[in-house]
Amino acid sequence: CSGGGLLVYSDSSPSKRTLTADGQEIKKKKVVVLGSGWSGYSFLSHFNNPNYDVQVVSPRNFFLFTPLLPSVTNGTVEARSIVEPIRGLMRKKGFEYTEAECVKIDPSNKKIHCKSKDSTSLKGTTEFDMDYDILVIAVGAKPNTFNTPGVEEHAHFLKEADDALKIRRSVINCFERASLPDLTEEERKKILHFVVVGGGPTGVEFSAELHDFLVEDVAKIYPKVQEFTRITLLEAGDHILNMFDKRITAFAEEKFQRDGIDLKTKNMVVGVTADEISTKERGSGEVVSEPYGMVVWSTGIGSRPVIKDFMHQIGQGQRRVLATDEWLREDIAAIFGKADKGETGTLNKKEFKGVVKDICQRYPQVELYLKKKKLRNIANLLKSANGDNTELSIETFKQALSEVDTQMKNLPATAQVASQQGKYLAKCFNKMEKCEKKPEGPLRFRGEGRHRFQPFRYRHFGSFAPLGGEQTAAELPGDWVSIGHSSQWLWYSVYASKLVSWRTRSLVVSDWVRRFIFGRDSSS
Ligand code: FAD
Ligand code: MG
Ligand code: MG
Ligand code: MG
Ligand code: MG
């Protein structure tokens, strides 16, 4: 549930009763959906089962296309262009929407407690309770500061549309402030020192966008202070983009070096004050403080307080993220049984090959796991579990895969995962009548000519890391890596196609065209 998560919470209970036109009583269960982000919006757009009342609760009445959020920070794309109001979808689908935040889940009474804030006036907050039969939790995650002192107060986050706009205003304000008369060189250098914390995809992309802005636009607009600008990218680990292929990491690090971005790996931020940021170098343990003009914090995500509280209530207080049901474990026996053609209870070499193929087809995310463990393929994993035996028993098989199973639920916190989960869950609901007897999952028609339950399967279509200067690194399934201008065009087309509506698509494309022709807007 952290960042790319979704959860259904229900147990059987009386539901609302309504009457049809001819006076017959029909039962309609109330599905309450928390959140209108990637998983929530995807769930809602694929949901179409008229036997449910759907009620959405989210503090923001729009969906935000987060992959383009870094482009908003420098005005390449306007915030409005990547926002899709959800009222339109609500009307089309006949769903209800309430603009509020859920602050407490009460599973024993099947109630949620909500607060609605009026952000445009000082009228304050309104609180209310809401009943549900089934609760769909899609509230996403919040930025994680790891309790580093001063971060909450002095750093910017990059998570919501407002964050990106604030960053944009702040960058331009830095340049206006640095251009004031009577400042010393030191003062100008301090104001124009931009620090990005976190070398993950968001921190890297933001650094690249900021660098492009400085080189392509600021140099023209603020020529007098341009020489004082500096970007520092801080990363606690050994490398930036460590979830990507090594070739991409190396390319990105070299490009940043060439671009003059000050990349400091193995450096952990230990505190931020109004004027200075302090880092501790791993190894030497030396703490250094440097003056800065602006800090952007992008080190990862954590669970929201409402989810932490809920986990506590349902006995998952010790976990980092909310756990959902296991699927692979149940599938293992079936996969094994199918492969064990001679029904010997063990797999020989040939059967073993079949099982490897089957697992890779069914669970593309196994690939992600193996990569993390630096194993080339699943065959190696099974071999290492089986020692010198030529026959593989189901116990060894289960053991080898059980770690993969627990790891696989920690799918990457990406929009790609969240939207697929939303769609999957909507399909479960759409087939709910058929699934009622077996509520664990959706029905799917398979070749064998009978219904069979299928667990959620993530399909990884690849990932991009935009690196600035019209260059992007792309890592596509099958170990395919491409870096440069051609992948930038692939990036443009993939993201344009993923935008949720023709309205946002045309807005974004015209923003891109505008930027190519006129450059970026530099007003704050
Ligand atoms: P979210 O999309 O965050 O949605 C959460 C929703 O819940 C929001 O509508 C929120 O308002 C609402 N909510 C919050 N609290 C409550 C509450 N208490 N009650 C009710 N509703 C609540 N992923 C990619 O795959 N590719 C990318 O290129 C990419 N780029 C990114 C760039 C940035 C800058 C960021 C921040 C993220 C990026 N991601 C990317 C990650 C992606 O955005 C997340 O993985 C995804 O948003 C997770 O979806 P979600 O539905 O779980 O949460
Ligand atoms: Mg999120
Ligand atoms: Mg969501
Ligand atoms: Mg979102
Ligand atoms: Mg991105």
# chains A, B, ... in the order shown; residues from 1 in each chain; ligands from 1

$ select_by_dssp --residues "segment 166-415 of chain A" --states "strand (DSSP E)" --output "ChimeraX atom specification"
/A:193-197,230-234,262-264,267-272,276-281,287-291,294-297,301-302,346-347,392-393

$ residues_near_ligand --ligand "ligand 4" --cutoff "10 Å" --atoms "only C-alpha atoms and all ligand atoms" --output "list of chain:residue names"
A:Gly3, A:Gly4, A:Gly35, A:Ser36, A:Gly37, A:Trp38, A:Ser39, A:Gly40, A:Tyr41, A:Phe62, A:Phe63, A:Leu64, A:Phe65, A:Thr66, A:Pro67, A:Leu69, A:Val83, A:Val139, A:Gly140, A:Lys159, A:Glu160, A:Ala161, A:Thr414, A:Ala415, A:Ala418, A:Ser419

$ write_last_selection --atoms "C-alpha atoms" --output "compact mmCIF listing (two decimals), in the first residue's frame"
# COMPACT_ATOMS: atom_id res chain seq x y z
CA GLY A 3 2.95 4.34 -3.00
CA GLY A 4 1.65 1.79 -5.42
CA GLY A 35 -8.20 8.30 -3.17
CA SER A 36 -8.25 9.60 -6.73
CA GLY A 37 -4.63 8.89 -7.69
CA TRP A 38 -3.20 6.26 -9.99
CA SER A 39 -4.78 3.18 -8.42
CA GLY A 40 -8.05 4.86 -7.42
CA TYR A 41 -8.63 6.52 -10.78
CA PHE A 62 -8.67 15.54 -9.65
CA PHE A 63 -6.31 12.89 -10.88
CA LEU A 64 -2.67 13.95 -11.23
CA PHE A 65 -0.41 12.56 -13.90
CA THR A 66 2.70 12.35 -11.68
CA PRO A 67 5.29 11.27 -14.31
CA LEU A 69 5.25 16.56 -12.45
CA VAL A 83 -4.61 17.30 -14.03
CA VAL A 139 -4.55 6.67 -0.61
CA GLY A 140 -0.98 6.33 -1.83
CA LYS A 159 4.57 14.90 -4.75
CA GLU A 160 1.53 17.03 -5.54
CA ALA A 161 0.73 19.66 -8.17
CA THR A 414 5.17 3.17 -9.49
CA ALA A 415 2.21 4.47 -11.41
CA ALA A 418 -0.77 1.17 -9.17
CA SER A 419 -2.84 1.53 -12.33

$ closest_residue --among "A:Arg60, A:Lys255, A:Arg168, A:Arg282" --to "ligand 3" --atoms "only C-alpha atoms and all ligand atoms"
A:Arg60

$ closest_residue --among "A:Val72, A:Ile82, A:Ala219, A:Val269" --to "Pro149 of chain A" --atoms "only C-alpha atoms"
A:Val269

$ residues_near_ligand --ligand "ligand 5" --cutoff "10 Å" --atoms "only C-alpha atoms and all ligand atoms" --output "VMD selection string"
chain A and resid 65 to 71 201 to 206 414 to 415 463 to 466 491 495

$ closest_residue --among "A:Asn51, A:Asp163, A:Ser58, A:Glu216" --to "Asp521 of chain A" --atoms "only C-alpha atoms"
A:Glu216

$ closest_residue --among "A:Glu186, A:Ile394, A:Leu165, A:Met268" --to "Ala334 of chain A" --atoms "only C-alpha atoms"
A:Ile394

$ residues_around --residues "Phe336 of chain A" --least-positions-apart "3" --cutoff "9 Å" --atoms "only C-alpha atoms" --output "NGL selection string"
:A and (331-333 or 339-340 or 345-347 or 355 or 394 or 397)
